[in-house]
Structures are given as C-alpha cells and as structure tokens.
$ cat query-v5.cif   # mmCIF, C-alpha atoms
data_input
#
loop_
_atom_site.label_atom_id
_atom_site.label_comp_id
_atom_site.auth_asym_id
_atom_site.auth_seq_id
_atom_site.Cartn_x
_atom_site.Cartn_y
_atom_site.Cartn_z
CA MET A 1 -1.31 -16.94 8.09
CA VAL A 2 1.57 -14.46 8.32
CA ASP A 3 2.80 -12.02 5.65
CA PHE A 4 6.41 -10.96 5.30
CA ILE A 5 7.19 -7.71 3.51
CA TYR A 6 10.86 -7.19 2.88
CA TYR A 7 12.36 -3.74 2.56
CA VAL A 8 16.03 -2.80 2.46
CA TYR A 9 16.01 -1.45 6.03
CA ARG A 10 13.04 -3.14 7.61
CA VAL A 11 10.87 -6.23 7.78
CA HIS A 12 7.20 -6.10 8.73
CA LEU A 13 5.71 -9.21 10.29
CA HIS A 14 2.05 -9.25 11.16
CA LYS A 15 -0.97 -11.49 11.34
CA ARG A 16 -3.13 -11.07 8.26
CA ARG A 17 -6.64 -9.71 8.70
CA GLY A 18 -9.39 -9.79 6.10
CA THR A 19 -9.81 -11.70 2.88
CA PRO A 20 -6.77 -11.43 0.57
CA ALA A 21 -7.25 -9.38 -2.60
CA CYS A 22 -5.38 -12.04 -4.61
CA SER A 23 -6.54 -15.63 -4.76
CA THR A 24 -2.95 -16.64 -3.93
CA GLY A 25 -2.94 -14.61 -0.70
CA GLY A 26 -1.63 -11.23 0.36
CA PHE A 27 -3.21 -8.04 1.61
CA PRO A 28 -6.98 -7.40 1.51
CA LEU A 29 -8.68 -5.13 -1.01
CA ILE A 30 -8.94 -1.57 0.30
CA ARG A 31 -10.77 1.44 -1.08
CA GLN A 32 -12.00 4.88 -0.12
CA GLY A 33 -13.57 4.56 3.33
CA SER A 34 -11.24 1.75 4.44
CA ARG A 35 -9.31 2.24 7.68
CA GLY A 36 -6.49 0.49 9.48
CA SER A 37 -2.98 -0.87 9.19
CA TYR A 38 -3.30 -1.94 5.56
CA VAL A 39 -4.23 1.61 4.60
CA CYS A 40 -1.11 2.80 6.47
CA ILE A 41 1.02 0.32 4.52
CA ALA A 42 -0.46 1.55 1.24
CA GLN A 43 0.00 5.20 2.27
CA ASP A 44 3.62 4.47 3.22
CA ASN A 45 4.24 2.82 -0.16
CA LEU A 46 2.58 5.64 -2.11
CA ASN A 47 4.39 8.40 -0.18
CA THR A 48 7.70 6.58 -0.65
CA LEU A 49 7.07 6.53 -4.40
CA GLY A 50 6.21 10.25 -4.49
CA TYR A 51 2.39 10.05 -4.47
CA THR A 52 1.23 12.25 -1.59
CA THR A 53 -1.53 10.76 0.53
CA GLY A 54 -1.75 13.55 3.09
CA GLY A 55 -0.04 11.55 5.82
CA LEU A 56 0.03 8.14 7.42
CA ASP A 57 -3.24 8.16 9.28
CA GLY A 58 -4.72 4.82 8.25
CA VAL A 59 -7.74 6.52 6.68
CA PHE A 60 -8.35 5.95 2.97
CA GLY A 61 -9.77 9.38 2.21
CA PRO A 62 -9.83 11.65 -0.86
CA GLN A 63 -6.07 12.38 -0.86
CA THR A 64 -5.17 8.70 -0.66
CA TYR A 65 -7.71 7.98 -3.40
CA ARG A 66 -6.12 10.61 -5.69
CA ALA A 67 -2.66 9.21 -4.95
CA VAL A 68 -3.81 5.68 -5.80
CA VAL A 69 -5.40 6.79 -9.10
CA ALA A 70 -2.25 8.74 -10.06
CA TYR A 71 -0.06 5.74 -9.24
CA GLN A 72 -2.30 3.33 -11.14
CA LYS A 73 -2.25 5.59 -14.22
CA SER A 74 1.53 5.95 -14.07
CA VAL A 75 2.12 2.19 -14.10
CA GLY A 76 -0.59 1.28 -16.61
CA LEU A 77 -3.10 -0.28 -14.23
CA VAL A 78 -6.85 0.29 -14.31
CA ALA A 79 -7.18 3.67 -12.53
CA ASP A 80 -10.17 2.86 -10.31
CA GLY A 81 -8.72 4.07 -6.98
CA ILE A 82 -9.10 0.60 -5.45
CA ILE A 83 -6.06 -1.25 -4.12
CA GLY A 84 -6.70 -4.83 -5.10
CA CYS A 85 -4.45 -7.67 -6.18
CA ASN A 86 -2.66 -5.98 -9.11
CA THR A 87 -2.17 -2.65 -7.35
CA TRP A 88 -0.86 -4.28 -4.16
CA ARG A 89 1.56 -6.41 -6.16
CA SER A 90 2.78 -3.41 -8.16
CA LEU A 91 3.17 -1.20 -5.07
CA GLN A 92 5.14 -3.85 -3.18
CA GLU A 93 7.43 -4.50 -6.15
CA SER A 94 7.97 -0.77 -6.69
CA VAL A 95 9.04 0.02 -3.12
CA VAL A 96 11.57 -2.79 -2.81
CA GLY A 97 15.02 -1.26 -2.63
CA THR A 98 13.85 2.30 -1.95
CA GLY A 99 15.30 2.23 1.56
CA LYS A 100 14.26 4.30 4.51
CA THR A 101 12.40 7.54 3.82
CA SER A 102 10.82 10.27 5.96
CA THR A 103 7.54 8.29 5.90
CA THR A 104 8.93 4.84 6.70
CA ILE A 105 6.85 2.96 9.24
CA ASN A 106 9.18 1.18 11.66
CA SER A 107 7.88 -1.66 13.77
#

$ encode --input "query-v5.cif" --output "structure tokens"
Amino acid sequence: MVDFIYYVYRVHLHKRRGTPACSTGGFPLIRQGSRGSYVCIAQDNLNTLGYTTGGLDGVFGPQTYRAVVAYQKSVGLVADGIIGCNTWRSLQESVVGTGKTSTTINS
C-alpha cells in the first residue's frame, strides 16, 4: 500500500511500513524509543507547527516526546506522548497549507 501526503510545496510518496495506527490505514503508531522515517515525518510536522523536537534525526527521544505532549495538550487530545491514530490525523490536518519551512523534508 502507498501513502500520499499532500503539502502546499511538496508531495511525499513512500511504501508504508508497519501496522497502521488507524484501522482505516495510515502511519504506524510511534512512541519514545521509535526510530525511522515516520519519526522524521512527525518531527517535521511538529517543528513546522512550532513544537521543537531538537531536530530531524528520526529518533523519538525526550525532546520529541515533550513536543508531542505539548501539541496533544494544545489541540485537546489525550497527552500521552504517543503518536497514534488521532495524533497522526491531527498533525497531518494541521500542517496542510503551512508551506515550506526551514525544517521541510524534501524528497
């Protein structure tokens, strides 16, 4: 299966890896200790929205965890620091239309 993520200035196309966090599909659940491209996508989204993750390193460490909790609190989600179905959906909806930023990942 292939995911498409649309941004104003870019489109990411990649083969999905892992079990989707939502029963309808999408990105996998990630949490502190997770590593890889999905963590980079989440870090990019959070940084774009003003929640500092400490960089785009693909490592879900303490700074990314704090950024996730702060974001979740700000949008009224359960602030558990885990990026599951609701947090992924909210992040993706929030970054649409933000355009290119200093942390944009270009493929």

$ resolve_selection --input "query-v5.cif" --expression "the PyMOL selection byres ((chain A and resi 92) around 10)" --output "list of chain:residue names"
A:Ile5, A:Tyr6, A:Tyr7, A:Ile41, A:Ala42, A:Asn45, A:Leu46, A:Thr87, A:Trp88, A:Arg89, A:Ser90, A:Leu91, A:Glu93, A:Ser94, A:Val95, A:Val96

$ atom_distance --input "query-v5.cif" --atom1 "CA of Gly99 (chain A)" --atom2 "CA of Gly33 (chain A)"
29.0 Å

$ residues_near_point --input "query-v5.cif" --point "(-10.4, -2.0, -0.6)" --cutoff "9 Å" --atoms "all atoms listed in the file" --output "MDAnalysis selection string"
chainID A and resid 21 28:34 39 60 81:84

$ residues_around --input "query-v5.cif" --residues "Phe27 (chain A)" --least-positions-apart "2" --cutoff "8 Å" --atoms "only C-alpha atoms" --output "list in words"
Arg16, Gly18, Thr19, Pro20, Ala21, Cys22, Gly25, Leu29, Tyr38, Cys85 and Trp88 of chain A

$ closest_residue --input "query-v5.cif" --among "A:Thr48, A:Thr98, A:Gln72, A:Thr53" --to "Asn86 (chain A)" --atoms "only C-alpha atoms"
A:Gln72
